[in-house]
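Asks: Contents of entry_30.csv (CSV, C-alpha atoms) are given next:
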chain,number,residue,atom,x,y,z
T,1,MET,CA,-75.7,94.8,116.4
T,2,ASP,CA,-75.8,93.4,119.9
T,3,ILE,CA,-78.5,91.1,121.0
T,4,VAL,CA,-79.4,90.8,124.7
T,5,GLY,CA,-82.2,88.3,125.4
T,6,ASP,CA,-84.9,89.1,122.9
T,7,ARG,CA,-83.8,92.7,122.5
T,8,LYS,CA,-81.6,94.0,119.6
T,9,PHE,CA,-79.4,97.1,120.0
T,10,VAL,CA,-78.2,99.4,117.3
T,11,GLU,CA,-74.5,99.7,116.7
T,12,VAL,CA,-73.3,103.2,117.4
T,13,PRO,CA,-70.1,104.0,115.5
T,14,GLY,CA,-67.0,104.8,117.5
T,15,GLY,CA,-66.6,104.4,121.2
T,16,LYS,CA,-67.5,107.7,122.7
T,17,THR,CA,-70.5,108.5,124.9
T,18,HIS,CA,-73.0,110.9,123.3
T,19,GLU,CA,-74.6,113.6,125.3
T,20,LEU,CA,-78.3,114.1,124.5
T,21,PRO,CA,-80.4,117.2,125.4
T,22,PRO,CA,-81.6,117.4,129.0
T,23,LEU,CA,-85.0,116.0,129.7
T,24,LEU,CA,-86.9,119.0,131.2
T,25,VAL,CA,-89.8,117.7,133.2
T,26,SER,CA,-92.5,120.3,133.9
T,27,ALA,CA,-94.2,119.8,137.2
T,28,PRO,CA,-97.8,121.0,137.3
T,29,HIS,CA,-98.8,123.6,139.8
T,30,VAL,CA,-102.5,123.6,140.7
T,31,ARG,CA,-103.6,127.2,141.4
T,32,ARG,CA,-107.2,126.6,142.3
T,33,LEU,CA,-107.4,123.3,144.2
T,34,ASP,CA,-110.6,124.5,145.7
T,35,LYS,CA,-112.2,124.7,142.3
T,36,VAL,CA,-110.9,121.2,141.4
T,37,MET,CA,-112.5,119.9,144.6
T,38,SER,CA,-115.8,121.7,143.8
T,39,LEU,CA,-115.9,120.2,140.3
T,40,ALA,CA,-115.1,116.7,141.8
T,41,ASN,CA,-118.1,117.2,144.2
T,42,GLN,CA,-120.3,118.0,141.1
T,43,ILE,CA,-119.1,114.8,139.4
T,44,VAL,CA,-120.0,112.8,142.5
T,45,GLU,CA,-123.5,114.5,142.7
T,46,SER,CA,-124.2,114.0,139.1
T,47,GLU,CA,-123.2,110.4,138.9
T,48,ASP,CA,-125.4,109.5,141.9
T,49,ILE,CA,-123.5,106.2,142.6
T,50,ILE,CA,-123.3,106.3,146.4
T,51,THR,CA,-125.9,105.0,148.8
T,52,ALA,CA,-125.8,105.1,152.6
T,53,PRO,CA,-128.1,104.4,155.5
T,54,ASP,CA,-128.2,108.0,156.7
T,55,GLU,CA,-127.5,111.5,155.5
T,56,LEU,CA,-124.4,112.0,157.6
T,57,ASP,CA,-122.8,108.8,156.3
T,58,LEU,CA,-123.9,109.7,152.7
T,59,SER,CA,-122.2,113.1,153.0
T,60,ARG,CA,-119.0,111.5,154.4
T,61,ARG,CA,-118.9,108.9,151.6
T,62,LYS,CA,-119.4,111.6,148.9
T,63,MET,CA,-116.6,113.7,150.4
T,64,ASP,CA,-114.3,110.7,150.4
T,65,LEU,CA,-115.1,109.9,146.8
T,66,ALA,CA,-114.6,113.5,145.8
T,67,ILE,CA,-111.2,113.6,147.5
T,68,ASN,CA,-110.2,110.3,145.7
T,69,LEU,CA,-111.3,111.9,142.4
T,70,VAL,CA,-109.1,114.9,143.0
T,71,GLU,CA,-106.2,112.6,143.8
T,72,GLN,CA,-106.8,110.6,140.7
T,73,TYR,CA,-107.1,113.8,138.6
T,74,LEU,CA,-103.9,115.3,140.0
T,75,GLY,CA,-102.1,112.0,139.2
T,76,LEU,CA,-103.5,112.1,135.6
T,77,VAL,CA,-102.2,115.7,135.2
T,78,ALA,CA,-98.8,114.7,136.5
T,79,HIS,CA,-98.7,111.7,134.0
T,80,TRP,CA,-99.7,114.1,131.2
T,81,HIS,CA,-96.9,116.6,132.1
T,82,TRP,CA,-94.3,113.8,132.2
T,83,GLY,CA,-95.5,112.5,128.8
T,84,ASP,CA,-95.4,116.0,127.3
T,85,SER,CA,-91.9,116.5,128.6
T,86,ILE,CA,-90.8,113.2,127.2
T,87,LEU,CA,-92.2,113.8,123.7
T,88,GLU,CA,-90.5,117.2,123.6
T,89,TRP,CA,-87.2,115.6,124.7
T,90,ILE,CA,-87.6,113.0,121.9
T,91,ARG,CA,-88.1,115.7,119.3
T,92,GLN,CA,-84.9,117.4,120.5
T,93,CYS,CA,-83.0,114.1,120.5
T,94,GLU,CA,-84.1,113.5,116.9
T,95,THR,CA,-82.7,116.9,116.0
T,96,THR,CA,-79.5,116.0,117.8
T,97,PHE,CA,-79.2,112.7,115.9
T,98,GLU,CA,-79.8,114.4,112.5
T,99,SER,CA,-77.0,116.9,113.3
T,100,ARG,CA,-74.4,114.3,114.1
T,101,MET,CA,-72.9,112.2,111.3
T,102,GLU,CA,-72.3,109.1,113.4
T,103,LEU,CA,-75.9,109.1,114.7
T,104,ARG,CA,-77.8,110.2,111.7
T,105,ASN,CA,-78.5,106.8,110.1
T,106,LEU,CA,-79.6,105.2,113.3
T,107,LEU,CA,-83.2,106.6,113.0
T,108,HIS,CA,-83.6,105.8,109.3
T,109,PRO,CA,-85.9,102.8,108.6
T,110,ASP,CA,-84.0,102.0,105.3
T,111,VAL,CA,-81.0,101.1,107.4
T,112,TRP,CA,-81.0,97.9,109.4
T,113,PRO,CA,-81.0,97.7,112.4
T,114,HIS,CA,-82.6,101.1,113.2
T,115,ALA,CA,-84.0,102.8,116.2
T,116,GLY,CA,-87.4,104.7,116.4
T,117,ARG,CA,-89.1,107.1,118.7
T,118,SER,CA,-90.1,104.4,121.1
T,119,SER,CA,-86.4,103.6,121.4
T,120,PHE,CA,-86.0,106.8,123.3
T,121,VAL,CA,-88.7,105.8,125.7
T,122,GLN,CA,-86.9,102.5,126.2
T,123,LEU,CA,-83.7,104.4,126.8
T,124,LEU,CA,-85.3,106.3,129.7
T,125,ALA,CA,-86.3,102.9,131.2
T,126,ASP,CA,-82.9,101.5,130.7
T,127,LYS,CA,-81.3,104.5,132.3
T,128,ALA,CA,-83.6,104.0,135.3
T,129,VAL,CA,-84.9,107.6,135.1
T,130,ASP,CA,-86.7,108.4,138.4
T,131,THR,CA,-90.3,109.3,137.4
T,132,HIS,CA,-91.6,109.2,140.9
T,133,GLY,CA,-93.7,106.1,140.2
T,134,ILE,CA,-95.2,107.3,137.0
T,135,PRO,CA,-95.1,104.6,134.2
T,136,ILE,CA,-93.2,106.2,131.3
T,137,GLU,CA,-95.3,104.5,128.5
T,138,GLN,CA,-98.6,105.4,130.2
T,139,ALA,CA,-97.4,109.0,130.5
T,140,VAL,CA,-96.5,109.2,126.8
T,141,GLY,CA,-99.7,107.5,125.9
T,142,LEU,CA,-101.8,110.0,127.9
T,143,ARG,CA,-100.0,112.9,126.2
T,144,LEU,CA,-100.7,111.3,122.8
T,145,ALA,CA,-104.4,111.0,123.7
T,146,PHE,CA,-104.7,114.6,125.0
T,147,HIS,CA,-103.1,117.7,123.4
T,148,GLN,CA,-103.6,119.5,126.7
T,149,PRO,CA,-104.5,118.2,130.2
T,150,PRO,CA,-108.3,117.6,130.1
T,151,PRO,CA,-110.2,119.6,132.8
T,152,ILE,CA,-111.7,117.5,135.5
T,153,SER,CA,-115.2,118.9,134.5
T,154,ILE,CA,-115.3,116.8,131.4
T,155,LEU,CA,-114.2,113.5,133.0
T,156,SER,CA,-116.2,110.9,134.8
T,157,GLU,CA,-115.1,108.9,137.9
T,158,HIS,CA,-115.0,105.9,135.6
T,159,PHE,CA,-112.4,107.5,133.4
T,160,LEU,CA,-110.3,108.6,136.3
T,161,PHE,CA,-110.4,105.3,138.1
T,162,TYR,CA,-110.6,102.7,135.3
T,163,LEU,CA,-110.3,104.0,131.7
T,164,SER,CA,-107.4,106.4,131.8
T,165,PRO,CA,-104.6,103.7,132.1
T,166,ARG,CA,-106.2,101.6,129.3
T,167,ILE,CA,-106.5,104.6,127.0
T,168,ALA,CA,-102.9,105.6,127.7
T,169,SER,CA,-101.6,102.1,127.1
T,170,THR,CA,-103.5,101.8,123.8
T,171,SER,CA,-102.3,105.2,122.6
T,172,TYR,CA,-98.7,104.3,123.3
T,173,GLU,CA,-99.0,100.9,121.6
T,174,GLY,CA,-100.4,102.5,118.5
T,175,TRP,CA,-97.7,105.2,118.5
T,176,SER,CA,-94.8,102.9,119.1
T,177,HIS,CA,-95.8,100.7,116.1
T,178,LEU,CA,-95.8,103.6,113.7
T,179,THR,CA,-92.1,103.0,113.0
T,180,ALA,CA,-91.4,100.2,110.6
T,181,PRO,CA,-90.2,97.0,112.4
T,182,PRO,CA,-87.9,95.7,113.5
T,183,VAL,CA,-87.1,98.6,115.9
T,184,SER,CA,-83.9,98.2,117.9
T,185,SER,CA,-83.0,99.7,121.2
T,186,LEU,CA,-80.3,102.4,121.9
T,187,PRO,CA,-77.4,101.1,124.0
T,188,PRO,CA,-77.8,103.0,127.3
T,189,GLU,CA,-74.1,103.0,128.0
T,190,ARG,CA,-73.4,105.0,124.9
T,191,PHE,CA,-75.7,107.9,125.8
T,192,THR,CA,-75.9,110.4,128.7
T,193,PHE,CA,-78.4,113.2,129.6
T,194,GLU,CA,-79.6,115.1,132.5
T,195,VAL,CA,-83.1,115.1,134.0
T,196,VAL,CA,-84.1,118.6,135.2
T,197,ASN,CA,-87.3,119.0,137.2
T,198,MET,CA,-89.0,122.3,136.3
T,199,VAL,CA,-91.5,124.0,138.5
T,200,MET,CA,-94.3,125.7,136.6
T,201,GLN,CA,-95.4,129.1,138.0
Let me see the file written as structure tokens.
Replies:
Amino acid sequence: MDIVGDRKFVEVPGGKTHELPPLLVSAPHVRRLDKVMSLANQIVESEDIITAPDELDLSRRKMDLAINLVEQYLGLVAHWHWGDSILEWIRQCETTFESRMELRNLLHPDVWPHAGRSSFVQLLADKAVDTHGIPIEQAVGLRLAFHQPPPISILSEHFLFYLSPRIASTSYEGWSHLTAPPVSSLPPERFTFEVVNMVMQ
């Protein structure tokens, strides 16, 4: 077992580099952006949180807030798709580990040190996977919180602006602690995989 700083790394038998399944990242495609914008306008109207000295200024502020809500929502959907892709990749990696004798014991909690599901998330960070600015842990946490991307119609501006990151972080923390401690990291130099960006039609 290697220890770097406060992190422990599992010992992978042998000296070869193991190829993991590709991480297939699904990119969301919004078909009806006009409908999303309309629903954002309804949220702004129903919340009644904007005041302005005149009607023209009020309309402009409402439009700005609706546009911001749409941007926040599209960001949330992009986070969700990254999280969904990562969880599917982890499932495939677990299958790969179980099928290879030299990797099989690394995920079993009765063997010390061992890795866990969160070790794969850490591996993505260690490999510096380009997520286009999306925090990996928040993406996974958001996918854990929602089985499907929630429609904008059920969300409030408070959720989109303030609550979403906290809920995602809390979900990830709870999930990552499901594996019995101590959980060790996977040495990034011993694993390789491709990241493939998929476009949803």
Asks: Please report the interatomic distance between CA of Val10 (chain T) and CA of Phe97 (chain T) in Å with one decimal.
Replies: 13.4 Å
Asks: Rank nothing, just name the residue among T:His114, T:Trp175, T:Ile86, T:Tyr73 nearest to Pro150 (chain T), using only C-alpha atoms.
Replies: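 Between T:His114, T:Trp175, T:Ile86, T:Tyr73, the residue approaching Pro150 (chain T) most closely is T:Tyr73.
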Asks: With all atoms listed in the file as the basis for distance, which of T:Ser46, T:Ser176, T:Asn41, T:Asn197 is at the shortest distance from Arg117 (chain T)?
Replies: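 Nearest to Arg117 (chain T): T:Ser176.
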Asks: How many Å lie between CA of Ala128 (chain T) and CA of Leu106 (chain T), rounded to one decimal?
Replies: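 Spanning CA of Ala128 (chain T) to CA of Leu106 (chain T) is a straight-line distance of 22.4 Å.
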Asks: Looking at T:Leu144, T:Leu160, T:Leu24, T:Ala78, which one is nearest to Leu65 (chain T), with distances taken over all atoms listed in the file?
Replies: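 Selected residue with least distance to Leu65 (chain T): T:Leu160.
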Asks: If we count all atoms listed in the file and set the cut-off at 9 Å, which residues sit around His79 (chain T), ignoring sequence neighbours fewer than 6 positions away in its own chain? Please answer as a count of residues only.
Replies: 8
Asks: Please measure the separation of CA of Ala168 (chain T) and CA of Gln92 (chain T), giving the value in Å to one decimal.
Replies: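 Distance between the two atoms: 22.7 Å.
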Asks: Determine, counting only C-alpha atoms, which protein, DNA and RNA residues have an atom within 7 Å of an atom of Gly141 (chain T); residues of the same chain fewer than 4 positions away are not included. Present the result as a list in words.
Replies: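 My list of contacting residues is Glu137, Ala145, Ala168, Ser169, Ser171 and Tyr172 of chain T.
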Asks: Please save C-alpha atoms of the selected residues as a compact mmCIF listing (two decimals), in the frame of the given file.
Replies:
# COMPACT_ATOMS: atom_id res chain seq x y z
CA GLU T 137 -95.30 104.50 128.50
CA ALA T 145 -104.40 111.00 123.70
CA ALA T 168 -102.90 105.60 127.70
CA SER T 169 -101.60 102.10 127.10
CA SER T 171 -102.30 105.20 122.60
CA TYR T 172 -98.70 104.30 123.30
Asks: May I have the residues at most 6 Å from (-91.0, 119.2, 128.0) in the file's coordinates, counting only C-alpha atoms, as a PyMOL selection string?
Replies: chain T and resi 24-25+84-85+88
Asks: Counting all atoms listed in the file, write as an NGL selection string all protein and nucleic acid residues lying at most 12 Å from (-114.0, 103.9, 148.5) in the file's frame.
Replies: :T and (49-51 or 60-69 or 157 or 161)
Asks: Let me make sure I understand: among T:Glu94, T:Val196, T:Val70, T:His132, which one has the smallest atom-to-atom distance to Gln42 (chain T) if we use only C-alpha atoms?
Replies: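 Looking only at the distances to Gln42 (chain T), the closest residue turns out to be T:Val70.
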Asks: Could you pull the residues within 12 Å of Glu11 (chain T), counting all atoms listed in the file, minus those fewer than 4 positions along the same chain, as a PDB file with C-alpha atoms, in the coordinates of the input?
Replies:
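Output contents, as saved in out_11.pdb:
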ATOM      1  CA  MET T   1     -75.700  94.800 116.400  1.00  0.00           C
ATOM      2  CA  ASP T   2     -75.800  93.400 119.900  1.00  0.00           C
ATOM      3  CA  ILE T   3     -78.500  91.100 121.000  1.00  0.00           C
ATOM      4  CA  GLY T  15     -66.600 104.400 121.200  1.00  0.00           C
ATOM      5  CA  GLU T 102     -72.300 109.100 113.400  1.00  0.00           C
ATOM      6  CA  LEU T 103     -75.900 109.100 114.700  1.00  0.00           C
ATOM      7  CA  ASN T 105     -78.500 106.800 110.100  1.00  0.00           C
ATOM      8  CA  LEU T 106     -79.600 105.200 113.300  1.00  0.00           C
ATOM      9  CA  LEU T 107     -83.200 106.600 113.000  1.00  0.00           C
ATOM     10  CA  VAL T 111     -81.000 101.100 107.400  1.00  0.00           C
ATOM     11  CA  TRP T 112     -81.000  97.900 109.400  1.00  0.00           C
ATOM     12  CA  PRO T 113     -81.000  97.700 112.400  1.00  0.00           C
ATOM     13  CA  HIS T 114     -82.600 101.100 113.200  1.00  0.00           C
ATOM     14  CA  ALA T 115     -84.000 102.800 116.200  1.00  0.00           C
ATOM     15  CA  SER T 184     -83.900  98.200 117.900  1.00  0.00           C
ATOM     16  CA  SER T 185     -83.000  99.700 121.200  1.00  0.00           C
ATOM     17  CA  LEU T 186     -80.300 102.400 121.900  1.00  0.00           C
ATOM     18  CA  PRO T 187     -77.400 101.100 124.000  1.00  0.00           C
ATOM     19  CA  PRO T 188     -77.800 103.000 127.300  1.00  0.00           C
ATOM     20  CA  GLU T 189     -74.100 103.000 128.000  1.00  0.00           C
ATOM     21  CA  ARG T 190     -73.400 105.000 124.900  1.00  0.00           C
TER      22      ARG T 190
END
Asks: T:Ser38, T:Asp6, T:Gln72, T:Arg100: which is nearest His158 (chain T), counting only C-alpha atoms?
Replies: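 Under the stated criterion, the closest residue is T:Gln72.
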Asks: With distances taken over only C-alpha atoms, which residue among T:Arg32, T:Gly174, T:Val77, T:Leu124 lies nearest Trp89 (chain T)?
Replies: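 Result for the nearest residue to Trp89 (chain T): T:Leu124.
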Asks: Would you list the contacts of Thr192 (chain T) as a VMD selection string, taking every protein, DNA or RNA residue within 9 Å and counting all atoms listed in the file, but skipping same-chain residues closer than 3 positions in sequence?
Replies: chain T and resid 17 to 21 127 188 to 189
